[in-house]
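Pasted below: entry-v2.tsv, TSV, C-alpha atoms and all ligand atoms.
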chain	number	residue	atom	x	y	z
A	647	MET	CA	0.00	0.00	0.00
A	648	THR	CA	1.25	3.49	-0.85
A	649	LYS	CA	2.44	5.46	2.18
A	650	ARG	CA	1.69	9.16	2.51
A	651	ILE	CA	4.62	11.22	3.78
A	652	GLY	CA	4.20	14.87	4.76
A	653	ILE	CA	7.05	17.39	4.44
A	654	LEU	CA	7.18	20.79	6.09
A	655	THR	CA	9.62	23.65	6.53
A	656	GLY	CA	9.35	25.68	9.75
A	657	GLY	CA	10.99	28.72	11.38
A	658	GLY	CA	13.04	31.30	9.52
A	659	ASP	CA	13.69	30.41	5.90
A	660	CYS	CA	17.15	29.34	4.89
A	661	PRO	CA	19.04	28.77	1.62
A	662	GLY	CA	18.93	25.06	0.77
A	663	LEU	CA	15.38	24.27	1.94
A	664	ASN	CA	14.25	23.53	-1.60
A	665	ALA	CA	17.25	21.26	-2.12
A	666	VAL	CA	16.10	19.17	0.86
A	667	ILE	CA	12.47	19.03	-0.33
A	668	ARG	CA	13.56	17.96	-3.81
A	669	ALA	CA	15.90	15.31	-2.42
A	670	VAL	CA	13.20	13.80	-0.18
A	671	VAL	CA	10.82	13.57	-3.14
A	672	ARG	CA	13.41	12.16	-5.55
A	673	ARG	CA	14.58	9.57	-3.01
A	674	ALA	CA	10.99	8.56	-2.30
A	675	ILE	CA	10.41	8.06	-6.03
A	676	MET	CA	13.55	5.94	-6.18
A	677	HIS	CA	12.37	3.74	-3.28
A	678	GLY	CA	8.83	3.54	-4.67
A	679	GLY	CA	5.54	3.14	-2.82
A	680	TYR	CA	5.26	6.70	-1.47
A	681	GLU	CA	3.04	9.72	-2.03
A	682	LEU	CA	4.61	12.98	-0.88
A	683	ILE	CA	2.44	15.75	0.56
A	684	GLY	CA	3.77	19.27	1.15
A	685	ILE	CA	2.43	20.79	4.39
A	686	LYS	CA	2.30	24.53	3.78
A	687	SER	CA	3.60	27.26	6.14
A	688	GLY	CA	5.30	25.04	8.68
A	689	TRP	CA	3.27	23.57	11.53
A	690	ARG	CA	0.48	26.06	10.75
A	691	GLY	CA	-0.36	23.99	7.68
A	692	LEU	CA	-1.29	21.14	9.99
A	693	LEU	CA	-3.78	23.30	11.88
A	694	ASP	CA	-5.37	24.44	8.60
A	695	CYS	CA	-4.94	21.18	6.65
A	696	ASP	CA	-3.20	23.36	4.08
A	697	THR	CA	-1.26	21.02	1.82
A	698	MET	CA	-0.02	20.62	-1.74
A	699	PRO	CA	1.05	17.62	-3.77
A	700	LEU	CA	4.77	17.07	-4.17
A	701	THR	CA	5.35	15.14	-7.35
A	702	ARG	CA	8.42	14.92	-9.54
A	703	GLU	CA	7.03	17.85	-11.53
A	704	ASP	CA	6.47	19.98	-8.42
A	705	VAL	CA	10.14	19.79	-7.43
A	706	ARG	CA	11.59	20.34	-10.90
A	707	GLY	CA	13.85	23.42	-11.16
A	708	ILE	CA	13.89	24.29	-7.45
A	709	LEU	CA	17.35	23.07	-6.42
A	710	HIS	CA	19.04	26.45	-6.85
A	711	ARG	CA	16.15	28.56	-5.59
A	712	GLY	CA	16.26	30.29	-2.19
A	713	GLY	CA	13.31	30.32	0.22
A	714	THR	CA	10.95	27.37	0.39
A	715	ILE	CA	8.25	26.33	-2.07
A	716	LEU	CA	6.18	25.21	0.94
A	717	GLY	CA	6.29	28.52	2.78
A	718	THR	CA	7.14	28.71	6.46
A	719	SER	CA	5.93	30.10	9.79
A	720	ARG	CA	6.91	30.19	13.43
A	721	THR	CA	3.65	28.57	14.56
A	722	ASN	CA	3.87	26.62	17.80
A	723	ILE	CA	1.15	23.95	17.81
A	724	PHE	CA	2.01	23.17	21.43
A	725	LYS	CA	1.08	26.67	22.56
A	726	ASN	CA	-1.96	25.04	24.12
A	727	GLU	CA	-3.47	21.56	24.31
A	728	GLU	CA	-6.32	22.46	21.94
A	729	THR	CA	-4.01	23.30	19.03
A	730	ALA	CA	-1.79	20.30	19.80
A	731	LYS	CA	-4.82	18.01	19.63
A	732	LYS	CA	-6.08	19.65	16.45
A	733	ALA	CA	-2.70	19.15	14.74
A	734	ILE	CA	-2.55	15.50	15.79
A	735	ASP	CA	-6.13	14.89	14.64
A	736	ASN	CA	-5.33	16.51	11.31
A	737	ILE	CA	-2.33	14.24	10.79
A	738	ALA	CA	-4.81	11.36	10.94
A	739	LYS	CA	-7.33	13.23	8.78
A	740	LEU	CA	-4.67	13.84	6.13
A	741	LYS	CA	-3.77	10.13	6.38
A	742	LEU	CA	-0.09	10.93	6.87
A	743	ASP	CA	1.97	7.88	7.76
A	744	ALA	CA	5.03	9.98	8.66
A	745	ILE	CA	6.38	13.53	8.50
A	746	VAL	CA	9.76	14.92	7.50
A	747	ALA	CA	10.18	18.18	9.45
A	748	ILE	CA	12.88	20.55	8.23
A	749	GLY	CA	13.73	23.22	10.77
A	750	GLY	CA	15.74	24.54	13.68
A	751	GLU	CA	15.41	24.11	17.44
A	752	ASP	CA	11.79	25.34	17.63
A	753	THR	CA	10.42	23.35	14.68
A	754	LEU	CA	12.31	20.24	15.74
A	755	GLY	CA	11.33	20.74	19.38
A	756	ILE	CA	7.73	20.36	18.22
A	757	ALA	CA	8.75	17.32	16.17
A	758	LYS	CA	10.13	15.75	19.35
A	759	LYS	CA	6.90	16.45	21.26
A	760	LEU	CA	4.86	14.89	18.45
A	761	THR	CA	7.18	11.88	18.48
A	762	ASP	CA	6.42	11.49	22.17
A	763	ARG	CA	2.74	11.33	21.23
A	764	GLY	CA	3.32	8.54	18.76
A	765	ILE	CA	3.68	10.47	15.50
A	766	LYS	CA	6.36	9.14	13.15
A	767	ILE	CA	8.79	11.96	12.40
A	768	VAL	CA	12.24	12.43	10.92
A	769	GLY	CA	13.96	15.79	11.47
A	770	CYS	CA	16.32	17.69	9.19
A	771	PRO	CA	18.66	20.35	10.66
A	772	LYS	CA	18.24	23.86	9.25
A	773	THR	CA	19.41	27.30	10.31
A	774	ILE	CA	21.81	29.88	8.98
A	775	ASP	CA	22.92	30.41	12.61
A	776	ASN	CA	24.49	26.90	12.74
A	777	ASP	CA	23.63	26.65	16.44
A	778	LEU	CA	21.68	23.38	16.44
A	779	MET	CA	22.68	20.58	18.81
A	780	GLY	CA	23.21	17.09	17.40
A	781	THR	CA	24.88	18.04	14.12
A	782	ASP	CA	28.27	19.44	13.17
A	783	LEU	CA	26.70	21.70	10.56
A	784	THR	CA	23.32	22.98	9.46
A	785	PHE	CA	22.60	23.80	5.82
A	786	GLY	CA	22.22	27.52	5.06
A	787	PHE	CA	25.19	28.50	7.22
A	788	ASP	CA	27.68	28.32	4.36
A	789	THR	CA	25.53	30.60	2.20
A	790	ALA	CA	25.07	33.14	5.01
A	791	VAL	CA	28.82	33.16	5.66
A	792	SER	CA	29.55	33.69	1.95
A	793	ILE	CA	27.17	36.65	1.78
A	794	ALA	CA	28.51	38.19	5.00
A	795	THR	CA	32.12	37.68	3.86
A	796	GLU	CA	31.46	39.47	0.61
A	797	ALA	CA	29.92	42.33	2.58
A	798	VAL	CA	32.99	42.56	4.85
A	799	ASP	CA	35.25	42.61	1.78
A	800	ARG	CA	33.25	45.49	0.35
A	801	LEU	CA	33.22	47.38	3.64
A	802	HIS	CA	37.01	47.13	3.79
A	803	THR	CA	37.64	49.21	0.70
A	804	THR	CA	35.25	52.00	1.66
A	805	ALA	CA	36.46	52.01	5.31
A	806	GLU	CA	40.04	52.42	4.11
A	807	SER	CA	39.18	55.18	1.65
A	808	HIS	CA	37.43	57.25	4.32
A	809	ASN	CA	39.52	56.38	7.39
A	810	ARG	CA	36.39	55.12	9.08
A	811	ILE	CA	35.36	52.46	11.53
A	812	LEU	CA	32.72	50.25	9.94
A	813	VAL	CA	30.59	48.08	12.15
A	814	CYS	CA	28.91	45.17	10.37
A	815	GLU	CA	26.01	43.54	12.25
A	816	VAL	CA	25.32	39.97	11.17
A	817	MET	CA	22.71	37.41	12.24
A	818	GLY	CA	23.29	35.05	15.14
A	819	ARG	CA	20.72	35.07	17.90
A	820	HIS	CA	22.46	32.86	20.47
A	821	ALA	CA	25.71	31.93	18.78
A	822	GLY	CA	28.42	33.75	16.87
A	823	TRP	CA	29.15	31.25	14.12
A	824	ILE	CA	28.34	33.61	11.24
A	825	ALA	CA	30.23	36.51	12.86
A	826	ALA	CA	33.30	34.37	13.56
A	827	TYR	CA	33.46	32.70	10.14
A	828	ALA	CA	32.66	35.79	8.07
A	829	GLY	CA	34.89	37.92	10.28
A	830	LEU	CA	37.79	35.53	9.90
A	831	ALA	CA	37.25	35.03	6.16
A	832	GLY	CA	36.86	38.79	5.58
A	833	GLY	CA	39.82	39.81	7.75
A	834	ALA	CA	37.79	41.73	10.35
A	835	ASP	CA	39.78	43.59	12.99
A	836	CYS	CA	37.44	42.57	15.80
A	837	ILE	CA	34.70	39.93	16.09
A	838	LEU	CA	31.98	40.15	18.73
A	839	THR	CA	29.60	37.31	19.50
A	840	PRO	CA	26.76	36.44	21.91
A	841	GLU	CA	29.00	34.00	23.78
A	842	LYS	CA	31.21	36.74	25.28
A	843	PRO	CA	29.97	40.06	26.71
A	844	VAL	CA	31.40	42.93	24.65
A	845	ASP	CA	33.98	45.07	26.44
A	846	VAL	CA	33.70	48.47	24.73
A	847	ASP	CA	37.01	49.68	26.22
A	848	GLU	CA	38.79	46.69	24.70
A	849	VAL	CA	37.21	47.34	21.29
A	850	CYS	CA	38.17	51.04	21.41
A	851	GLU	CA	41.72	50.20	22.48
A	852	MET	CA	42.02	47.94	19.44
A	853	VAL	CA	40.93	50.80	17.17
A	854	LYS	CA	43.37	53.21	18.83
A	855	GLN	CA	46.20	50.68	18.64
A	856	ARG	CA	45.73	50.44	14.88
A	857	SER	CA	45.67	54.21	14.64
A	858	ARG	CA	48.94	54.54	16.62
A	859	LYS	CA	50.49	52.22	14.03
A	860	GLY	CA	49.19	54.42	11.23
A	861	VAL	CA	46.14	52.32	10.23
A	862	ASN	CA	43.15	54.62	10.43
A	863	PHE	CA	40.31	52.28	9.61
A	864	SER	CA	38.85	49.18	11.23
A	865	ILE	CA	36.15	46.63	10.53
A	866	ILE	CA	34.18	45.32	13.49
A	867	VAL	CA	31.86	42.35	12.91
A	868	VAL	CA	29.19	41.95	15.58
A	869	ALA	CA	26.49	39.29	15.92
A	870	GLU	CA	22.99	40.66	16.51
A	871	GLY	CA	22.77	38.68	19.77
A	872	ALA	CA	25.98	40.12	21.27
A	873	LYS	CA	25.54	41.86	24.61
A	874	ILE	CA	27.49	44.93	25.66
A	875	LYS	CA	28.89	44.68	29.22
A	876	GLY	CA	26.82	46.73	31.63
A	877	GLN	CA	23.99	47.33	29.10
A	878	GLU	CA	20.53	45.83	28.75
A	879	GLU	CA	19.96	43.45	25.83
A	880	ILE	CA	19.37	45.54	22.69
A	881	LEU	CA	16.18	44.67	20.84
A	882	ALA	CA	14.55	45.84	17.61
A	883	SER	CA	11.14	45.01	19.07
A	884	GLN	CA	9.78	43.66	22.36
A	885	ARG	CA	7.11	41.66	20.52
A	886	LYS	CA	7.50	37.95	21.06
A	887	ASP	CA	6.82	35.17	18.58
A	888	ASP	CA	5.05	31.89	19.43
A	889	PHE	CA	8.24	30.54	20.97
A	890	GLY	CA	8.91	33.61	23.10
A	891	HIS	CA	11.69	35.03	20.90
A	892	VAL	CA	12.01	38.81	20.75
A	893	GLN	CA	13.24	40.54	17.60
A	894	LEU	CA	16.95	41.31	17.88
A	895	GLY	CA	18.83	44.10	16.13
A	896	GLY	CA	20.51	47.38	17.00
A	897	VAL	CA	23.62	46.28	18.87
A	898	GLY	CA	25.78	47.50	15.95
A	899	GLN	CA	24.33	50.99	16.18
A	900	VAL	CA	24.81	51.22	19.94
A	901	LEU	CA	28.36	49.90	19.71
A	902	ALA	CA	29.19	52.34	16.89
A	903	GLY	CA	27.97	55.22	19.08
A	904	PHE	CA	30.36	54.23	21.88
A	905	VAL	CA	33.28	53.72	19.50
A	906	ALA	CA	32.76	57.09	17.78
A	907	GLU	CA	32.47	58.89	21.12
A	908	ARG	CA	35.49	57.27	22.70
A	909	THR	CA	37.89	57.18	19.75
A	910	GLY	CA	36.83	60.23	17.76
A	911	PHE	CA	36.71	58.15	14.56
A	912	ASP	CA	33.98	58.63	12.00
A	913	THR	CA	31.94	55.44	12.44
A	914	ARG	CA	29.23	53.84	10.30
A	915	VAL	CA	27.01	50.78	10.65
A	916	THR	CA	25.83	48.18	8.13
A	917	VAL	CA	23.14	45.73	9.22
A	918	LEU	CA	23.10	42.76	6.83
A	919	GLY	CA	19.79	41.36	8.11
A	920	HIS	CA	17.73	39.11	5.88
A	921	VAL	CA	20.08	39.50	2.91
A	922	GLN	CA	21.99	36.69	4.64
A	923	ARG	CA	18.98	34.40	4.42
A	924	GLY	CA	17.63	35.16	0.98
A	925	GLY	CA	18.61	34.10	-2.50
A	926	THR	CA	20.41	31.20	-4.05
A	927	PRO	CA	22.24	28.66	-1.85
A	928	THR	CA	25.94	27.94	-2.33
A	929	ALA	CA	26.95	24.66	-3.99
A	930	PHE	CA	27.99	23.41	-0.55
A	931	ASP	CA	24.53	24.03	0.94
A	932	ARG	CA	22.81	22.44	-2.07
A	933	VAL	CA	24.92	19.32	-1.58
A	934	LEU	CA	24.48	19.24	2.21
A	935	GLY	CA	20.72	19.86	1.91
A	936	THR	CA	20.49	17.12	-0.71
A	937	ARG	CA	22.39	14.67	1.51
A	938	TYR	CA	20.07	15.48	4.43
A	939	GLY	CA	16.97	15.03	2.26
A	940	VAL	CA	18.15	11.66	0.95
A	941	ALA	CA	19.06	10.50	4.47
A	942	ALA	CA	15.70	11.67	5.86
A	943	MET	CA	13.79	9.67	3.26
A	944	ASP	CA	16.06	6.66	3.86
A	945	ALA	CA	15.23	6.88	7.59
A	946	VAL	CA	11.51	6.90	6.71
A	947	HIS	CA	12.02	3.94	4.39
A	948	LYS	CA	13.86	1.98	7.10
A	949	GLY	CA	11.18	2.89	9.66
A	950	ASN	CA	13.63	4.87	11.82
A	951	PHE	CA	11.52	7.59	13.41
A	952	GLY	CA	12.15	10.10	16.20
A	953	VAL	CA	15.55	10.81	14.68
A	954	LEU	CA	17.41	13.80	13.30
A	955	VAL	CA	19.63	13.31	10.28
A	956	ALA	CA	22.91	14.99	11.11
A	957	LEU	CA	26.45	15.55	9.91
A	958	ARG	CA	29.23	13.98	11.94
A	959	GLY	CA	32.59	14.69	10.37
A	960	ASN	CA	31.74	14.05	6.73
A	961	GLU	CA	29.24	11.27	7.42
A	962	ILE	CA	25.48	11.65	7.57
A	963	VAL	CA	24.19	9.88	10.68
A	964	GLU	CA	20.92	9.61	12.61
A	965	VAL	CA	20.76	10.94	16.17
A	966	PRO	CA	17.75	11.02	18.55
A	967	LEU	CA	15.52	14.05	17.99
A	968	SER	CA	15.78	14.78	21.72
A	969	LYS	CA	19.36	16.02	21.09
A	970	VAL	CA	17.97	19.23	19.65
A	971	SER	CA	16.39	20.22	22.96
A	972	GLU	CA	19.62	19.84	24.90
A	973	GLY	CA	20.54	23.48	24.35
A	974	ILE	CA	22.29	25.74	21.88
A	975	ARG	CA	25.46	24.71	20.08
A	976	THR	CA	27.60	27.74	20.77
A	977	LEU	CA	30.79	28.73	19.01
A	978	ASP	CA	33.89	26.68	19.89
A	979	GLU	CA	35.87	28.61	22.48
A	980	GLY	CA	39.18	27.61	20.92
A	981	PHE	CA	38.08	28.75	17.48
A	982	TYR	CA	36.98	32.12	18.82
A	983	GLU	CA	40.26	32.60	20.71
A	984	MET	CA	42.13	31.81	17.50
A	985	THR	CA	40.35	34.64	15.66
A	986	LYS	CA	41.95	37.07	18.14
A	987	THR	CA	45.28	36.48	16.39
A	988	PHE	CA	43.94	38.82	13.71
A	989	TRP	CA	42.35	41.51	15.86
A	990	GLY	CA	43.82	44.97	16.20
A	991	TYR	CA	47.00	45.94	14.36
A	1001	LIG	O1	17.17	31.78	13.38
A	1001	LIG	C1	17.78	32.40	12.32
A	1001	LIG	C2	17.64	33.87	12.38
A	1001	LIG	O2	18.19	34.26	11.19
A	1001	LIG	C3	18.28	34.60	13.58
A	1001	LIG	O3	19.64	34.83	13.47
A	1001	LIG	C4	17.49	35.87	13.62
A	1001	LIG	O4	17.50	36.47	14.88
A	1001	LIG	C5	16.12	35.42	13.24
A	1001	LIG	O5	16.30	34.30	12.40
A	1001	LIG	C6	15.31	36.51	12.59
A	1001	LIG	O6	14.26	35.95	11.92
A	1001	LIG	P1	12.88	36.68	11.56
A	1001	LIG	O7	13.20	38.06	11.16
A	1001	LIG	O8	12.35	35.85	10.45
A	1001	LIG	O9	12.04	36.61	12.78
Would you mind writing the file out in structure tokens?
Ligand code: F6P
Amino acid sequence: MTKRIGILTGGGDCPGLNAVIRAVVRRAIMHGGYELIGIKSGWRGLLDCDTMPLTREDVRGILHRGGTILGTSRTNIFKNEETAKKAIDNIAKLKLDAIVAIGGEDTLGIAKKLTDRGIKIVGCPKTIDNDLMGTDLTFGFDTAVSIATEAVDRLHTTAESHNRILVCEVMGRHAGWIAAYAGLAGGADCILTPEKPVDVDEVCEMVKQRSRKGVNFSIIVVAEGAKIKGQEEILASQRKDDFGHVQLGGVGQVLAGFVAERTGFDTRVTVLGHVQRGGTPTAFDRVLGTRYGVAAMDAVHKGNFGVLVALRGNEIVEVPLSKVSEGIRTLDEGFYEMTKTFWGY
């Protein structure tokens, strides 16, 4: 009997989502005996029974496209018992035998809760922030780093021409992976991440040290989730989403104000924002997303549920979905310390 498999993409979008969707569908066709159903707008699609067919034709020409053909949302079906029950009832109504959930900690946290209620789920690790537990790498990160690196390269030439300090704010809610990688690849003079409170005096001293040596420009890369010592968390908006996340943004501007005041340098800010998430994925993310999609469908085919497909070294493995809820995978301390070799003069 043909098995009906639902696929959904949840949370913030991410380059490579379409590569995963395509790979799941193509692998299912290869195995045979499956009908693939796209659940639209993340977990919200389950509440509304909003679905679309996912045939070979539906996934043609999407590999290189950014975003997600299924749409996404930050809907939390476990916000209350009523919505949780409705979602579970609808899984039965839609006659879904299993679900492949592609998302980050929130989306996969829901997947784990559904697993505990007997739903057959395989998770796929997504986020440009690369901060998901259980895997060495999430798809989308490589693309975000490439975009941020190009931006840092471009900021360099204009900073040098004007003898300015340029602060570049990148994404990274809880972890500084994008800041550290793009900062290192782009030759930033200082990298600030959520893992370590920002010492403004130290940052200003670095700028002044360069100046004493005759270098009158600096590039500072700061993650949006970085906190300045002695200051409240800086937010773009207090409004919380379904998972209790506030909207971050603005730390670059506040930091630039301090640096300008204390060093006397002309200082400007660039906030990269959603540019890091949009557009075409890198070849690396297309390949990683494809490998995850194939592995997710293989897990379904083998009947391995309640698992997350993950990268360990260069191998794709399956780990328990519960891994995701163990916390945030923060930046390696040693890696961050190493970036300091290149700070200042
Ligand atoms: O989780 C990825 C991420 O890009 C975070 O770095 C960022 O804080 C958040 O998404 C912003 O997403 P949105 O604007 O869609 O709420």
Checklist entry - Which chains and residue numbers are within 6 Å of ligand LIG 1001 (chain A), counting only C-alpha atoms and all ligand atoms, if I want them as number ranges by chain? => result A: 658, 773-775, 817-819, 894
Next on the checklist: Nearest residue to Thr781 in chain A out of A:Ser883, A:Gln922, A:Asn960, A:Thr718, using all atoms listed in the file?
Outcome noted: A:Asn960
Item to check | Test item: residues at most 8 Å from Pro699 in chain A, only C-alpha atoms, excluding those fewer than 6 positions along its chain, as a list of chain:residue names | outcome: A:Leu682, A:Ile683, A:Gly684
For the residues selected in the previous step, produce a file with C-alpha atoms as a PDB file, in the frame of the given file.
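See out_9.pdb below for the written result:
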ATOM      1  CA  LEU A 682       4.610  12.980  -0.880  1.00  0.00           C
ATOM      2  CA  ILE A 683       2.440  15.750   0.560  1.00  0.00           C
ATOM      3  CA  GLY A 684       3.770  19.270   1.150  1.00  0.00           C
TER       4      GLY A 684
END
Item to check | Residues within 12 Å of Ala826 in chain A, all atoms listed in the file, excluding chain neighbours under 5 positions, as number ranges by chain | outcome: A: 775-776, 787, 790-791, 794-795, 798, 815-818, 821, 831-841, 866-869, 976-986, 988-989
Checklist entry - Of the candidates A:Ala665, A:Ile756, A:Leu954, A:Ile685, which one gets nearest to Leu709 in chain A if we count all atoms listed in the file? => result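 The answer is A:Ala665, which sits nearest to Leu709 in chain A.
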Checklist entry - Pick the closest to Arg702 in chain A from A:Met852, A:Leu716, A:Leu654, A:Ile667: which is it, counting only C-alpha atoms? => result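 Ranked by minimum distance to Arg702 in chain A, first place goes to A:Ile667.
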Item to check | Residue among A:Thr697, A:Ser968, A:Thr761, A:Ser807 lying closest to Ile653 in chain A, counting only C-alpha atoms | outcome: A:Thr697
